[in-house]
Amino acid sequence: MTVSVQAEDFDVGAEIAALSAGRNEVGAVATFLGLVRDVSGGSSVGAMTLEHYPGMTEASLEEIVVQARARWSLYAVRVIHRFGRLEPGDRIVFVGVAGAHRGETFAACEFIMDYLKTRAPFWKLEETPEGARWVDARDSDDSAAARWEQGGRQA
Amino acid sequence: MTVKILYFASLKEVLGCTEESFVLPSGVSTVGELRSFLADRGEKWKALGEGRNVRAARNQRMAAPADPVLPGDEIAFFPPVTGG
């Protein structure tokens, strides 16, 4: 299983171990772990709720993994994204990439996160003392994803 | 000649609508034309209007305004995504 969209938490250690289990050709595993912060835009955040588009979410994440595999030679990829209500400190997203060397695994991990941020249909609703508010998309996320289009970042 | 239309996140709240079955009027054959038609349905529907930051998907893939809309399609409108 490469992609999971789930309400439940996950075991980071077990996920990392699974990326190289039984694959002695793996020389590098790069991971990204995203967490809920207790502050956003100057307001304290008590919790957030992640909404998503069931069906499209899974398909878009799988498509991003396909693109990463087309760019780099990877032995294993794992993407987990949670939805529902999460509190500060909770894990939101995990991306793990196994390859031969660090270059392609670092790059593929960052690529997957940059594309996930702009293409996977998730939306965050934050609970703050001023009330609930939908998080606005950031231009910096678009520019982070766009740099992969220019061919400027290859391992 | 019916399509299913879904709305998500802040757009769903503003419109007060999660999902609707919509009969395609004549002259509506692209995602962009559908959006314009819906935006003219009343005050709150202006949230779908030109200049608003709205994204679309057709059959669960990101769609451009020029993409066709055909009977049986699932079309979704939503704000720019904020996952990760």
# chains A, B, ... in the order shown; residues from 1 in each chain; ligands from 1

call {"tool": "interface_residues", "arguments": {"of": "chain A", "to": "chain B", "cutoff": "8 Å", "atoms": "only C-alpha atoms", "output": "short mmCIF file (atom, residue, chain, number, x, y, z; two decimals) with N, CA and C atoms, in the first residue's frame"}}
result
data_model
loop_
_atom_site.label_atom_id
_atom_site.label_comp_id
_atom_site.auth_asym_id
_atom_site.auth_seq_id
_atom_site.Cartn_x
_atom_site.Cartn_y
_atom_site.Cartn_z
N GLY A 34 4.54 16.05 8.99
CA GLY A 34 3.87 17.32 9.23
C GLY A 34 3.00 17.22 10.48
N LEU A 50 -9.59 18.79 9.16
CA LEU A 50 -9.20 18.63 7.75
C LEU A 50 -10.33 17.98 6.98
N GLU A 51 -10.83 18.72 5.99
CA GLU A 51 -11.84 18.18 5.07
C GLU A 51 -11.11 17.70 3.82
N HIS A 52 -11.65 16.70 3.15
CA HIS A 52 -11.05 16.27 1.90
C HIS A 52 -12.13 15.79 0.94
N TYR A 53 -11.69 15.41 -0.25
CA TYR A 53 -12.60 15.00 -1.33
C TYR A 53 -12.36 13.51 -1.55
N GLY A 55 -11.94 9.92 -2.72
CA GLY A 55 -11.82 9.44 -4.10
C GLY A 55 -10.79 10.26 -4.84
N MET A 56 -11.05 11.55 -5.00
CA MET A 56 -10.06 12.39 -5.68
C MET A 56 -8.79 12.51 -4.86
N ALA A 59 -6.68 9.46 -5.46
CA ALA A 59 -6.21 9.44 -6.85
C ALA A 59 -5.13 10.48 -7.08
N SER A 60 -5.29 11.66 -6.48
CA SER A 60 -4.30 12.72 -6.71
C SER A 60 -2.97 12.37 -6.03
N HIS A 81 -1.95 10.64 4.80
CA HIS A 81 -2.51 11.96 5.15
C HIS A 81 -3.77 11.74 5.97
N ILE A 92 -0.14 15.06 10.99
CA ILE A 92 -1.08 15.26 9.87
C ILE A 92 -0.68 14.41 8.68
N VAL A 93 0.60 14.51 8.32
CA VAL A 93 1.04 13.92 7.05
C VAL A 93 2.41 13.28 7.20
N MET A 113 5.87 16.43 -1.28
CA MET A 113 5.21 17.39 -0.38
C MET A 113 4.80 18.66 -1.12
N LEU A 116 1.79 17.77 -3.18
CA LEU A 116 0.65 17.49 -2.29
C LEU A 116 0.01 18.80 -1.81
N LYS A 117 0.87 19.77 -1.47
CA LYS A 117 0.39 21.05 -0.93
C LYS A 117 -0.49 21.81 -1.92
N THR A 118 -0.27 21.61 -3.22
CA THR A 118 -1.00 22.40 -4.21
C THR A 118 -2.00 21.58 -5.02
N ARG A 119 -1.95 20.24 -4.92
CA ARG A 119 -2.79 19.41 -5.80
C ARG A 119 -3.72 18.44 -5.08
N ALA A 120 -3.40 18.09 -3.84
CA ALA A 120 -4.27 17.12 -3.15
C ALA A 120 -5.41 17.88 -2.48
N PRO A 121 -6.66 17.46 -2.72
CA PRO A 121 -7.81 18.23 -2.25
C PRO A 121 -8.09 18.06 -0.74
N PHE A 122 -7.31 18.78 0.04
CA PHE A 122 -7.54 18.90 1.49
C PHE A 122 -7.74 20.37 1.83
N TRP A 123 -8.56 20.63 2.85
CA TRP A 123 -8.77 22.00 3.31
C TRP A 123 -8.77 22.00 4.83
N LYS A 124 -8.07 23.00 5.42
CA LYS A 124 -7.95 23.10 6.88
C LYS A 124 -8.89 24.16 7.44
N TRP A 134 -11.30 29.19 7.81
CA TRP A 134 -10.65 28.36 6.79
C TRP A 134 -9.29 28.93 6.48
N VAL A 135 -8.31 28.07 6.40
CA VAL A 135 -6.94 28.50 6.08
C VAL A 135 -6.86 28.89 4.61
N ASP A 136 -6.23 30.04 4.34
CA ASP A 136 -6.03 30.47 2.95
C ASP A 136 -4.81 29.78 2.36
N ALA A 137 -4.89 29.46 1.08
CA ALA A 137 -3.74 28.91 0.38
C ALA A 137 -2.66 29.98 0.29
#

call {"tool": "select_by_dssp", "arguments": {"residues": "region 2-144 of chain A", "states": "helix (DSSP H, G or I)", "output": "ChimeraX atom specification"}}
result
/A:12-20,56-71,102-119,139-144

call {"tool": "residues_around", "arguments": {"residues": "His101 (chain A)", "least_positions_apart": "4", "cutoff": "7 Å", "atoms": "only C-alpha atoms", "output": "MDAnalysis selection string"}}
result
chainID A and resid 27:28 105

call {"tool": "write_last_selection", "arguments": {"atoms": "N, CA and C atoms", "output": "mmCIF file, in the first residue's frame"}}
result
data_model
loop_
_atom_site.group_PDB
_atom_site.id
_atom_site.type_symbol
_atom_site.label_atom_id
_atom_site.label_comp_id
_atom_site.auth_asym_id
_atom_site.auth_seq_id
_atom_site.Cartn_x
_atom_site.Cartn_y
_atom_site.Cartn_z
ATOM 1 N N GLY A 27 19.675 2.242 0.279
ATOM 2 C CA GLY A 27 20.777 2.871 1.001
ATOM 3 C C GLY A 27 20.365 4.154 1.684
ATOM 4 N N ALA A 28 19.143 4.636 1.400
ATOM 5 C CA ALA A 28 18.699 5.904 1.967
ATOM 6 C C ALA A 28 17.180 5.923 2.106
ATOM 7 N N THR A 105 16.362 10.595 -2.794
ATOM 8 C CA THR A 105 15.328 10.431 -1.770
ATOM 9 C C THR A 105 14.944 11.774 -1.146
#

call {"tool": "residues_around", "arguments": {"residues": "Thr2 (chain B)", "least_positions_apart": "3", "cutoff": "8 Å", "atoms": "only C-alpha atoms", "output": "NGL selection string"}}
result
:B and (21-24 or 71-73)

call {"tool": "write_last_selection", "arguments": {"atoms": "N, CA, C and O atoms", "output": "PDB file, in the first residue's frame"}}
result
ATOM      1  N   SER B  21     -27.721  17.704  -7.985  1.00  0.00           N
ATOM      2  CA  SER B  21     -27.862  17.117  -9.310  1.00  0.00           C
ATOM      3  C   SER B  21     -28.352  18.238 -10.214  1.00  0.00           C
ATOM      4  O   SER B  21     -29.300  18.948  -9.880  1.00  0.00           O
ATOM      5  N   PHE B  22     -27.664  18.432 -11.327  1.00  0.00           N
ATOM      6  CA  PHE B  22     -27.902  19.628 -12.130  1.00  0.00           C
ATOM      7  C   PHE B  22     -28.124  19.250 -13.585  1.00  0.00           C
ATOM      8  O   PHE B  22     -27.328  18.520 -14.175  1.00  0.00           O
ATOM      9  N   VAL B  23     -29.229  19.733 -14.145  1.00  0.00           N
ATOM     10  CA  VAL B  23     -29.517  19.470 -15.558  1.00  0.00           C
ATOM     11  C   VAL B  23     -28.806  20.518 -16.398  1.00  0.00           C
ATOM     12  O   VAL B  23     -29.032  21.719 -16.231  1.00  0.00           O
ATOM     13  N   LEU B  24     -27.945  20.067 -17.291  1.00  0.00           N
ATOM     14  CA  LEU B  24     -27.148  20.990 -18.099  1.00  0.00           C
ATOM     15  C   LEU B  24     -28.040  21.786 -19.043  1.00  0.00           C
ATOM     16  O   LEU B  24     -28.742  21.204 -19.880  1.00  0.00           O
ATOM     17  N   PRO B  71     -22.819  14.787 -19.847  1.00  0.00           N
ATOM     18  CA  PRO B  71     -23.803  14.160 -18.953  1.00  0.00           C
ATOM     19  C   PRO B  71     -23.165  13.015 -18.182  1.00  0.00           C
ATOM     20  O   PRO B  71     -22.390  12.234 -18.739  1.00  0.00           O
ATOM     21  N   GLY B  72     -23.491  12.930 -16.892  1.00  0.00           N
ATOM     22  CA  GLY B  72     -22.940  11.877 -16.052  1.00  0.00           C
ATOM     23  C   GLY B  72     -21.659  12.265 -15.341  1.00  0.00           C
ATOM     24  O   GLY B  72     -21.185  11.537 -14.466  1.00  0.00           O
ATOM     25  N   ASP B  73     -21.094  13.420 -15.715  1.00  0.00           N
ATOM     26  CA  ASP B  73     -19.855  13.865 -15.061  1.00  0.00           C
ATOM     27  C   ASP B  73     -20.082  14.207 -13.592  1.00  0.00           C
ATOM     28  O   ASP B  73     -21.189  14.584 -13.186  1.00  0.00           O
TER      29      ASP B  73
END

call {"tool": "residues_around", "arguments": {"residues": "Pro65 (chain B)", "least_positions_apart": "2", "cutoff": "9 Å", "atoms": "only C-alpha atoms", "output": "PyMOL selection string"}}
result
chain B and resi 30-35+56+63+67-68

call {"tool": "write_last_selection", "arguments": {"atoms": "N, CA and C atoms", "output": "tab-separated table (two decimals), in the first residue's frame"}}
result
chain	number	residue	atom	x	y	z
B	30	THR	N	-18.72	23.51	-21.07
B	30	THR	CA	-17.38	23.44	-20.46
B	30	THR	C	-17.48	23.74	-18.97
B	31	VAL	N	-16.39	23.42	-18.26
B	31	VAL	CA	-16.34	23.68	-16.82
B	31	VAL	C	-16.50	25.18	-16.54
B	32	GLY	N	-15.85	26.01	-17.38
B	32	GLY	CA	-15.92	27.45	-17.19
B	32	GLY	C	-17.33	27.99	-17.42
B	33	GLU	N	-18.01	27.44	-18.43
B	33	GLU	CA	-19.40	27.88	-18.72
B	33	GLU	C	-20.34	27.44	-17.61
B	34	LEU	N	-20.10	26.27	-17.08
B	34	LEU	CA	-20.93	25.79	-15.97
B	34	LEU	C	-20.76	26.70	-14.75
B	35	ARG	N	-19.50	27.04	-14.46
B	35	ARG	CA	-19.23	27.91	-13.32
B	35	ARG	C	-19.92	29.26	-13.49
B	56	ALA	N	-11.53	23.86	-9.87
B	56	ALA	CA	-12.54	22.90	-10.29
B	56	ALA	C	-11.91	21.54	-10.57
B	63	ALA	N	-9.39	20.35	-13.14
B	63	ALA	CA	-9.90	20.71	-14.46
B	63	ALA	C	-9.63	22.18	-14.76
B	67	ASP	N	-12.15	22.72	-20.16
B	67	ASP	CA	-12.44	21.27	-20.19
B	67	ASP	C	-13.93	21.03	-20.40
B	68	PRO	N	-14.29	20.00	-21.18
B	68	PRO	CA	-15.71	19.74	-21.48
B	68	PRO	C	-16.47	19.22	-20.25

call {"tool": "residues_around", "arguments": {"residues": "Gln67 (chain A)", "least_positions_apart": "3", "cutoff": "12 Å", "atoms": "only C-alpha atoms", "output": "count of residues only"}}
result
19

call {"tool": "select_by_dssp", "arguments": {"residues": "region 73-109 of chain A", "states": "strand (DSSP E)", "output": "list of chain:residue names"}}
result
A:Ala76, A:Val77, A:Arg78, A:Val79, A:Ile80, A:His81, A:Arg82, A:Gly84, A:Arg85, A:Leu86, A:Arg91, A:Ile92, A:Val93, A:Phe94, A:Val95, A:Gly96, A:Val97, A:Ala98, A:Gly99

call {"tool": "write_last_selection", "arguments": {"atoms": "C-alpha atoms", "output": "mmCIF file, in the first residue's frame"}}
result
data_model
loop_
_atom_site.group_PDB
_atom_site.id
_atom_site.type_symbol
_atom_site.label_atom_id
_atom_site.label_comp_id
_atom_site.auth_asym_id
_atom_site.auth_seq_id
_atom_site.Cartn_x
_atom_site.Cartn_y
_atom_site.Cartn_z
ATOM 1 C CA ALA A 76 9.559 2.402 -2.085
ATOM 2 C CA VAL A 77 7.240 5.338 -1.398
ATOM 3 C CA ARG A 78 4.704 5.817 1.387
ATOM 4 C CA VAL A 79 2.243 8.704 1.785
ATOM 5 C CA ILE A 80 -0.197 8.972 4.695
ATOM 6 C CA HIS A 81 -2.513 11.956 5.154
ATOM 7 C CA ARG A 82 -5.039 12.253 7.962
ATOM 8 C CA GLY A 84 -10.941 14.930 10.570
ATOM 9 C CA ARG A 85 -10.334 16.863 13.797
ATOM 10 C CA LEU A 86 -6.717 17.131 14.956
ATOM 11 C CA ARG A 91 0.594 14.155 13.132
ATOM 12 C CA ILE A 92 -1.077 15.263 9.872
ATOM 13 C CA VAL A 93 1.037 13.920 7.047
ATOM 14 C CA PHE A 94 3.887 11.479 6.477
ATOM 15 C CA VAL A 95 5.949 11.049 3.325
ATOM 16 C CA GLY A 96 8.674 8.414 3.199
ATOM 17 C CA VAL A 97 10.914 7.595 0.246
ATOM 18 C CA ALA A 98 13.458 4.788 -0.061
ATOM 19 C CA GLY A 99 16.177 4.808 -2.697
#

call {"tool": "closest_residue", "arguments": {"among": "A:Leu125, A:Ala144, A:Ala68, A:Ile16", "to": "Thr49 (chain A)", "atoms": "only C-alpha atoms"}}
result
A:Leu125

call {"tool": "closest_residue", "arguments": {"among": "B:Glu13, B:Glu19, B:Leu38, B:Val54", "to": "Glu74 (chain B)", "atoms": "only C-alpha atoms"}}
result
B:Glu19

call {"tool": "atom_distance", "arguments": {"atom1": "CA of Glu20 (chain B)", "atom2": "CA of Ile5 (chain B)"}}
result
5.3 Å

call {"tool": "closest_residue", "arguments": {"among": "A:Val65, A:Pro54, A:Ala21, A:Asp90", "to": "Asp9 (chain A)", "atoms": "only C-alpha atoms"}}
result
A:Asp90

call {"tool": "atom_distance", "arguments": {"atom1": "CA of Ala14 (chain A)", "atom2": "CA of Leu35 (chain A)"}}
result
17.6 Å
